[in-house]
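Encoded as structure tokens, the structure appears first; notes follow it.
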Amino acid sequence: MFKIFDSPLLRQYAVVIIANFSVLCTGLSLAWPSPVLVKLSNNNETIFSKPITEEEGSWIVSIGFLVAICFSFLPAVLLDRIGRRQCIILSCVPKMIMCLIFTFATEIWMLMLGRVFGAIADTFTFTVVPTYASEVASKEIRGALGTILQILCSLGILLMLSIGPFTPYVTLNMVFTGVVVVLSIPLLFLPDSPYYLYSKGRTEEALKVLTFLRGSEVLANEEIKEYSSTDDVKPNIIDIFKNRQFLKAFGIVLVLTTGSQIIGFNAVTFYLQTVLESTKTSVKPEIASVIIGFIQLIASFCTTLVTDRFGRKPILGSTLAGTAIGMIGLGIFFRIRETHEQISGFMNYLPLISLILVVYCYSAGPGSVNWPLCSELFDGPSRAIGLTVSGIIGSLTLFMTLKYFAFVTTAIGAPATYWMFSVNCILLCMFILFCIPETKGRSFAEIQVLLGQKKKNQDKAEKC
């Protein structure tokens, strides 16, 4: 299938892009509430006997992430048992079930059930795909390949925002189902992770896959030697959590994961069309949401081009500062909106400009860079458990953010809510600049040394 790619770099890009087809489906799922909640709240478009309430809408958006926490241990168990490739394929099953439930839903609880299946699939996707991409990629382009996840996710979001507002509910979900089925087929032809194959004692198969990906048996053998620098015996969970390097990496990833949720991006984008309608400006919400989705896609492409040139920390620091400015702009607009009934001139466009800044900066920064960075910080034996546990806590934080976004906005007001998000952006930015090691261009072994691992392990790899 990949013989048309003579360049090893193109082969790696092709493999990672195909693996991220599942993420494109996740992007469709993540953006699904934006147009659908507006339809279900409308007397003329709802599929139910009456429009849904704000409380029902908040449960439809958030309940999947709460229930999915109960299933978040599955990637950690299956990732090292059946392999990265099989887990990616397995994640397609709940996605298909979700789409069918959406298509034939007649009650609100059915939509909630569909969201649960979707969140379970996302738990697999956001744990397995970054792990797979980091193990397939060579260290020179690991960052760029890791950001492809955000590109495909942004593309899925853009497609949903472009089609959703203008398509009847049932037709929209039939298209959604068709896309998921079609994009699941190429996943069957992916090679498995070379690190996984090596960890299972299938060294010859690992060498074959690495030779295909690197284009040289010499480079493949060098990488196999690097794998051998890790312990041959897989540690148990207790041993992993006693390891100082793991705890340091886990602490960093935990702050990145939870911090990326409480800066408000997901709360704003999941309710995007609702937020735009609440501004009551002359800009049509359905058009503005498409513009914002397009900006998100462009931002993701930009990060792919620069992430291995400038490093992770400068990109994250600058984009979080931009996200804070966007949140401040939203707060200013809603403060003015409270005292002025009529909005005209530049103020009509301030919320759209602020949202574009938030979406661009988040997508170019945390939305793209967090995935490869979190995968890089863990070594091979602890990667699955580290990403899974941090993912569980991140999902809980995401649920709390989505469930109570509308409540907090009502309780303390929209201006204070967005200004709170901006403060969180600044705090996360400071943490990244002072507490996270730069991983650009470094091997996994070198990154572990930065985290405090004794250098003898690296010397052992050089002697092999």
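We label chains A, B, ... in the order they appear in the structure tokens, count residues from 1 in each chain, and number ligands from 1 in the order shown.
Residues lying within 12 Å of Ser354 of chain A, counting only C-alpha atoms and ignoring same-chain neighbours fewer than 4 positions away, are Phe265, Val268, Leu276, Ala288, Ile292, Gly322, Thr323, Ala324, Ile325, Gly326, Met327, Ile328, Gly329, Leu330, Gly331, Ile332, Phe333, Phe334, Met347, Asn348, Tyr349, Leu350, Val358, Val359, Tyr360, Cys361, Tyr418 and Ser422 of chain A.
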Kindly export the residues of the current selection with N, CA and C atoms, as a short mmCIF file (atom, residue, chain, number, x, y, z; two decimals), in the first residue's frame.
data_model
loop_
_atom_site.label_atom_id
_atom_site.label_comp_id
_atom_site.auth_asym_id
_atom_site.auth_seq_id
_atom_site.Cartn_x
_atom_site.Cartn_y
_atom_site.Cartn_z
N PHE A 265 -10.92 26.70 26.53
CA PHE A 265 -11.10 26.50 25.09
C PHE A 265 -12.23 25.52 24.79
N VAL A 268 -15.73 26.81 25.47
CA VAL A 268 -16.18 27.76 24.45
C VAL A 268 -16.55 27.05 23.15
N LEU A 276 -21.94 32.15 20.25
CA LEU A 276 -22.05 33.17 19.21
C LEU A 276 -23.44 33.78 19.17
N ALA A 288 -20.04 32.41 11.37
CA ALA A 288 -18.89 32.67 12.24
C ALA A 288 -18.25 31.36 12.72
N ILE A 292 -14.36 30.17 12.27
CA ILE A 292 -13.53 29.77 13.40
C ILE A 292 -12.97 28.37 13.20
N GLY A 322 -1.46 34.37 23.81
CA GLY A 322 -2.47 34.79 22.85
C GLY A 322 -3.87 34.35 23.25
N THR A 323 -3.98 33.11 23.79
CA THR A 323 -5.28 32.63 24.26
C THR A 323 -5.81 33.51 25.39
N ALA A 324 -4.92 33.92 26.29
CA ALA A 324 -5.31 34.80 27.40
C ALA A 324 -5.85 36.13 26.87
N ILE A 325 -5.20 36.69 25.87
CA ILE A 325 -5.65 37.96 25.29
C ILE A 325 -7.04 37.79 24.68
N GLY A 326 -7.27 36.67 23.98
CA GLY A 326 -8.58 36.41 23.39
C GLY A 326 -9.67 36.30 24.44
N MET A 327 -9.37 35.61 25.56
CA MET A 327 -10.35 35.48 26.64
C MET A 327 -10.64 36.84 27.28
N ILE A 328 -9.61 37.66 27.41
CA ILE A 328 -9.81 39.01 27.94
C ILE A 328 -10.73 39.81 27.02
N GLY A 329 -10.53 39.66 25.70
CA GLY A 329 -11.38 40.35 24.73
C GLY A 329 -12.84 39.92 24.85
N LEU A 330 -13.08 38.63 25.03
CA LEU A 330 -14.46 38.14 25.22
C LEU A 330 -15.07 38.72 26.48
N GLY A 331 -14.28 38.77 27.56
CA GLY A 331 -14.78 39.34 28.81
C GLY A 331 -15.15 40.80 28.66
N ILE A 332 -14.30 41.55 27.94
CA ILE A 332 -14.58 42.98 27.72
C ILE A 332 -15.87 43.16 26.93
N PHE A 333 -16.05 42.31 25.88
CA PHE A 333 -17.27 42.44 25.07
C PHE A 333 -18.52 42.20 25.91
N PHE A 334 -18.52 41.12 26.68
CA PHE A 334 -19.72 40.80 27.47
C PHE A 334 -19.95 41.82 28.58
N MET A 347 -17.45 46.82 17.74
CA MET A 347 -17.87 45.93 18.81
C MET A 347 -18.64 44.72 18.30
N ASN A 348 -19.26 44.85 17.11
CA ASN A 348 -19.93 43.71 16.49
C ASN A 348 -18.96 42.57 16.22
N TYR A 349 -17.71 42.94 15.95
CA TYR A 349 -16.72 41.96 15.51
C TYR A 349 -15.74 41.57 16.61
N LEU A 350 -15.80 42.27 17.77
CA LEU A 350 -14.87 41.95 18.85
C LEU A 350 -15.00 40.51 19.33
N VAL A 358 -8.51 33.01 20.25
CA VAL A 358 -8.50 31.88 21.18
C VAL A 358 -8.32 30.56 20.43
N VAL A 359 -9.12 30.38 19.38
CA VAL A 359 -9.08 29.12 18.63
C VAL A 359 -7.74 28.95 17.93
N TYR A 360 -7.23 30.02 17.31
CA TYR A 360 -5.95 29.92 16.59
C TYR A 360 -4.82 29.57 17.57
N CYS A 361 -4.74 30.32 18.66
CA CYS A 361 -3.63 30.14 19.59
C CYS A 361 -3.70 28.79 20.29
N TYR A 418 -14.79 34.54 31.55
CA TYR A 418 -13.72 34.59 30.54
C TYR A 418 -12.44 35.18 31.11
N SER A 422 -8.63 33.53 31.37
CA SER A 422 -7.39 34.21 30.96
C SER A 422 -6.32 34.09 32.05
#
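Rounded to one decimal, atom CA of Val129 of chain A and atom CA of Gln12 of chain A lie 13.7 Å from each other.
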message: Quick one: residues within 12 Å of Glu204 of chain A, only C-alpha atoms, excluding same-chain residues fewer than 2 positions away - as a PyMOL selection string?
response: chain A and resi 194-195+197-202+206-211+217+220-221+224
File dump, residues just selected, N, CA and C atoms, as a CSV table (one decimal), in the first residue's frame:
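See again37.csv below for the written result:
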chain,number,residue,atom,x,y,z
A,194,PRO,N,6.8,-0.4,16.1
A,194,PRO,CA,8.0,-1.2,16.3
A,194,PRO,C,8.4,-1.4,17.7
A,195,TYR,N,8.1,-0.4,18.6
A,195,TYR,CA,8.4,-0.6,20.0
A,195,TYR,C,7.6,-1.7,20.6
A,197,LEU,N,6.3,-4.3,19.1
A,197,LEU,CA,6.8,-5.6,18.6
A,197,LEU,C,8.0,-6.0,19.3
A,198,TYR,N,8.9,-5.1,19.5
A,198,TYR,CA,10.2,-5.4,20.3
A,198,TYR,C,9.9,-5.8,21.7
A,199,SER,N,8.9,-5.1,22.3
A,199,SER,CA,8.6,-5.4,23.7
A,199,SER,C,8.0,-6.8,23.9
A,200,LYS,N,7.4,-7.3,22.8
A,200,LYS,CA,6.8,-8.7,22.8
A,200,LYS,C,7.8,-9.8,22.4
A,201,GLY,N,9.1,-9.4,22.2
A,201,GLY,CA,10.1,-10.3,21.8
A,201,GLY,C,10.1,-10.6,20.3
A,202,ARG,N,9.3,-9.8,19.5
A,202,ARG,CA,9.3,-10.0,18.0
A,202,ARG,C,10.3,-9.1,17.4
A,206,ALA,N,10.0,-6.2,14.4
A,206,ALA,CA,10.2,-4.8,14.7
A,206,ALA,C,11.3,-4.2,13.8
A,207,LEU,N,12.3,-5.0,13.5
A,207,LEU,CA,13.4,-4.5,12.7
A,207,LEU,C,12.9,-4.3,11.2
A,208,LYS,N,12.0,-5.2,10.8
A,208,LYS,CA,11.4,-5.0,9.5
A,208,LYS,C,10.6,-3.8,9.3
A,209,VAL,N,9.8,-3.5,10.4
A,209,VAL,CA,8.9,-2.3,10.3
A,209,VAL,C,9.8,-1.0,10.4
A,210,LEU,N,10.8,-1.1,11.3
A,210,LEU,CA,11.7,0.1,11.4
A,210,LEU,C,12.5,0.3,10.1
A,211,THR,N,12.9,-0.7,9.4
A,211,THR,CA,13.7,-0.6,8.2
A,211,THR,C,12.8,0.1,7.1
A,217,GLU,N,18.5,-0.2,7.2
A,217,GLU,CA,18.6,-1.2,8.2
A,217,GLU,C,19.6,-0.8,9.3
A,220,ALA,N,17.7,1.3,11.6
A,220,ALA,CA,16.7,0.5,12.3
A,220,ALA,C,17.4,-0.2,13.4
A,221,ASN,N,18.7,-0.8,13.2
A,221,ASN,CA,19.4,-1.5,14.2
A,221,ASN,C,19.8,-0.6,15.3
A,224,ILE,N,16.8,-0.2,17.5
A,224,ILE,CA,16.6,-1.4,18.3
A,224,ILE,C,17.6,-1.4,19.5
message: Which of segment 96-289 of chain A end up as helix (DSSP H, G or I) when DSSP is run on this backbone - answer as a ChimeraX atom specification?
response: /A:96-104,108-136,142-166,169-189,194-199,203-214,217-227,237-242,244-262,265-270,272-279,285-289
Can those selected residues be exported to a file as a short mmCIF file (atom, residue, chain, number, x, y, z; two decimals), in the first residue's frame so that it contains C-alpha atoms?
data_model
loop_
_atom_site.label_atom_id
_atom_site.label_comp_id
_atom_site.auth_asym_id
_atom_site.auth_seq_id
_atom_site.Cartn_x
_atom_site.Cartn_y
_atom_site.Cartn_z
CA MET A 96 -20.03 3.43 14.74
CA ILE A 97 -22.43 2.55 17.57
CA MET A 98 -22.57 6.23 18.55
CA CYS A 99 -23.46 7.32 15.00
CA LEU A 100 -26.24 4.75 14.68
CA ILE A 101 -27.73 5.81 18.02
CA PHE A 102 -27.66 9.47 16.95
CA THR A 103 -29.35 8.64 13.65
CA PHE A 104 -32.25 6.69 15.18
CA ILE A 108 -32.89 12.53 25.00
CA TRP A 109 -31.36 9.63 26.95
CA MET A 110 -30.42 8.02 23.62
CA LEU A 111 -28.33 11.05 22.68
CA MET A 112 -26.63 10.84 26.08
CA LEU A 113 -25.94 7.13 25.50
CA GLY A 114 -24.47 7.94 22.10
CA ARG A 115 -22.22 10.56 23.67
CA VAL A 116 -21.01 7.93 26.16
CA PHE A 117 -19.97 5.58 23.33
CA GLY A 118 -18.30 8.50 21.59
CA ALA A 119 -16.34 9.45 24.71
CA ILE A 120 -15.21 5.84 25.21
CA ALA A 121 -13.88 5.87 21.63
CA ASP A 122 -12.16 9.20 22.26
CA THR A 123 -10.49 7.76 25.37
CA PHE A 124 -8.88 5.11 23.17
CA THR A 125 -8.07 7.53 20.38
CA PHE A 126 -6.37 10.22 22.46
CA THR A 127 -4.31 7.65 24.37
CA VAL A 128 -3.36 5.24 21.60
CA VAL A 129 -2.81 7.48 18.56
CA PRO A 130 -0.22 9.82 20.20
CA THR A 131 1.58 6.75 21.56
CA TYR A 132 1.58 5.09 18.14
CA ALA A 133 2.73 8.27 16.36
CA SER A 134 5.59 8.88 18.80
CA GLU A 135 6.86 5.30 18.38
CA VAL A 136 6.58 5.31 14.59
CA ARG A 142 8.44 13.38 16.01
CA GLY A 143 7.00 16.77 16.94
CA ALA A 144 5.62 17.45 13.48
CA LEU A 145 4.06 14.00 13.20
CA GLY A 146 2.55 14.39 16.67
CA THR A 147 0.75 17.56 15.62
CA ILE A 148 -1.01 15.77 12.76
CA LEU A 149 -3.50 14.61 15.38
CA GLN A 150 -4.67 18.20 15.85
CA ILE A 151 -4.81 18.81 12.08
CA LEU A 152 -7.13 15.85 11.47
CA CYS A 153 -9.17 16.70 14.58
CA SER A 154 -9.51 20.31 13.35
CA LEU A 155 -10.53 19.08 9.90
CA GLY A 156 -13.29 16.97 11.46
CA ILE A 157 -14.46 19.95 13.51
CA LEU A 158 -14.49 22.19 10.42
CA LEU A 159 -16.51 19.64 8.44
CA MET A 160 -19.11 19.37 11.20
CA LEU A 161 -19.34 23.16 11.64
CA SER A 162 -19.65 23.61 7.85
CA ILE A 163 -22.30 20.95 7.30
CA GLY A 164 -24.14 20.79 10.62
CA PRO A 165 -25.95 24.16 10.73
CA PHE A 166 -27.29 23.75 7.18
CA TYR A 169 -30.63 16.38 11.92
CA VAL A 170 -31.16 12.88 10.48
CA THR A 171 -29.26 13.62 7.24
CA LEU A 172 -26.35 15.05 9.24
CA ASN A 173 -26.00 11.89 11.31
CA MET A 174 -26.32 9.60 8.29
CA VAL A 175 -23.40 11.47 6.69
CA PHE A 176 -21.52 11.20 10.00
CA THR A 177 -22.03 7.42 10.03
CA GLY A 178 -20.83 7.05 6.44
CA VAL A 179 -17.65 9.03 7.10
CA VAL A 180 -16.79 6.92 10.15
CA VAL A 181 -17.25 3.65 8.23
CA VAL A 182 -15.19 4.77 5.22
CA LEU A 183 -12.30 6.16 7.29
CA SER A 184 -12.12 3.01 9.44
CA ILE A 185 -11.18 0.77 6.50
CA PRO A 186 -7.60 2.08 5.87
CA LEU A 187 -6.72 1.49 9.54
CA LEU A 188 -6.72 -2.25 8.83
CA PHE A 189 -3.55 -1.83 6.73
CA PRO A 194 8.00 -1.23 16.27
CA TYR A 195 8.45 -0.63 20.00
CA TYR A 196 5.42 -2.80 20.79
CA LEU A 197 6.76 -5.59 18.57
CA TYR A 198 10.16 -5.38 20.26
CA SER A 199 8.58 -5.41 23.74
CA THR A 203 12.58 -8.33 17.26
CA GLU A 204 12.72 -9.43 13.63
CA GLU A 205 9.28 -7.96 12.92
CA ALA A 206 10.24 -4.75 14.75
CA LEU A 207 13.41 -4.52 12.66
CA LYS A 208 11.42 -5.04 9.46
CA VAL A 209 8.94 -2.28 10.33
CA LEU A 210 11.74 0.09 11.38
CA THR A 211 13.66 -0.58 8.16
CA PHE A 212 10.53 0.27 6.19
CA LEU A 213 9.95 3.46 8.19
CA ARG A 214 13.57 4.66 8.41
CA GLU A 217 18.64 -1.24 8.18
CA VAL A 218 21.55 0.53 9.89
CA LEU A 219 19.25 3.18 11.36
CA ALA A 220 16.74 0.49 12.30
CA ASN A 221 19.41 -1.48 14.19
CA GLU A 222 20.51 1.67 16.02
CA GLU A 223 16.94 2.24 17.18
CA ILE A 224 16.63 -1.38 18.30
CA LYS A 225 19.76 -0.83 20.43
CA GLU A 226 18.08 2.21 21.95
CA TYR A 227 15.06 0.09 22.84
CA ILE A 237 2.18 -0.52 38.16
CA ILE A 238 3.50 -0.17 41.72
CA ASP A 239 7.11 -0.09 40.50
CA ILE A 240 6.20 2.47 37.85
CA PHE A 241 4.65 4.83 40.42
CA LYS A 242 7.73 4.47 42.64
CA ARG A 244 11.10 9.27 40.29
CA GLN A 245 11.43 9.99 36.57
CA PHE A 246 7.92 8.69 35.98
CA LEU A 247 6.49 10.75 38.83
CA LYS A 248 8.16 13.88 37.50
CA ALA A 249 6.90 13.23 33.97
CA PHE A 250 3.46 12.32 35.33
CA GLY A 251 3.27 15.55 37.33
CA ILE A 252 4.16 17.62 34.27
CA VAL A 253 1.66 15.79 32.05
CA LEU A 254 -1.03 16.08 34.71
CA VAL A 255 -0.64 19.85 34.90
CA LEU A 256 -0.61 20.10 31.09
CA THR A 257 -3.71 17.93 30.76
CA THR A 258 -5.83 19.56 33.44
CA GLY A 259 -4.50 23.03 32.72
CA SER A 260 -5.48 22.74 29.07
CA GLN A 261 -9.07 22.06 30.14
CA ILE A 262 -9.47 24.90 32.65
CA PHE A 265 -11.10 26.50 25.09
CA ASN A 266 -13.22 23.35 25.16
CA ALA A 267 -16.00 25.05 27.12
CA VAL A 268 -16.18 27.76 24.45
CA THR A 269 -15.94 25.48 21.39
CA PHE A 270 -18.39 22.80 22.56
CA LEU A 272 -19.60 27.57 20.05
CA GLN A 273 -22.78 28.31 18.13
CA THR A 274 -24.65 28.93 21.40
CA VAL A 275 -21.93 31.36 22.54
CA LEU A 276 -22.05 33.17 19.21
CA GLU A 277 -25.82 33.49 19.40
CA SER A 278 -25.56 34.91 22.92
CA THR A 279 -23.43 37.80 21.61
CA PRO A 285 -23.48 32.43 14.25
CA GLU A 286 -23.46 29.59 11.70
CA ILE A 287 -21.14 31.56 9.39
CA ALA A 288 -18.89 32.67 12.24
CA SER A 289 -18.54 29.07 13.48
#
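Here the question is which of A:Leu90, A:Val61, A:Ile295, A:Leu451 gets nearest to Leu398 of chain A using only C-alpha atoms, and that residue is A:Val61.
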Would you pick out the contacts of Ser395 of chain A at 8 Å or less, using only C-alpha atoms, so that residues sharing its chain but fewer than 6 positions from it are not included, and give the list as a CSV table (one decimal) with N, CA, C and O atoms, in the first residue's frame?
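Saved to around-v2.csv:
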chain,number,residue,atom,x,y,z
A,65,PHE,N,-18.1,12.2,28.9
A,65,PHE,CA,-16.7,12.3,29.5
A,65,PHE,C,-16.7,11.8,30.9
A,65,PHE,O,-15.7,11.3,31.4
A,66,LEU,N,-17.9,11.9,31.6
A,66,LEU,CA,-18.0,11.4,33.0
A,66,LEU,C,-18.0,9.9,33.0
A,66,LEU,O,-17.3,9.3,33.7
A,68,ALA,N,-17.2,7.9,30.6
A,68,ALA,CA,-16.0,7.3,30.0
A,68,ALA,C,-14.8,7.1,30.9
A,68,ALA,O,-13.9,6.3,30.7
A,69,ILE,N,-14.8,7.8,32.1
A,69,ILE,CA,-13.8,7.7,33.0
A,69,ILE,C,-13.7,6.2,33.6
A,69,ILE,O,-12.7,5.7,33.8
task: Select, from A:Ala414, A:Ile436, A:Leu28, A:Ile60, the residue with the minimum atom-to-atom distance to Glu107 of chain A, counting only C-alpha atoms.
output: A:Ile60
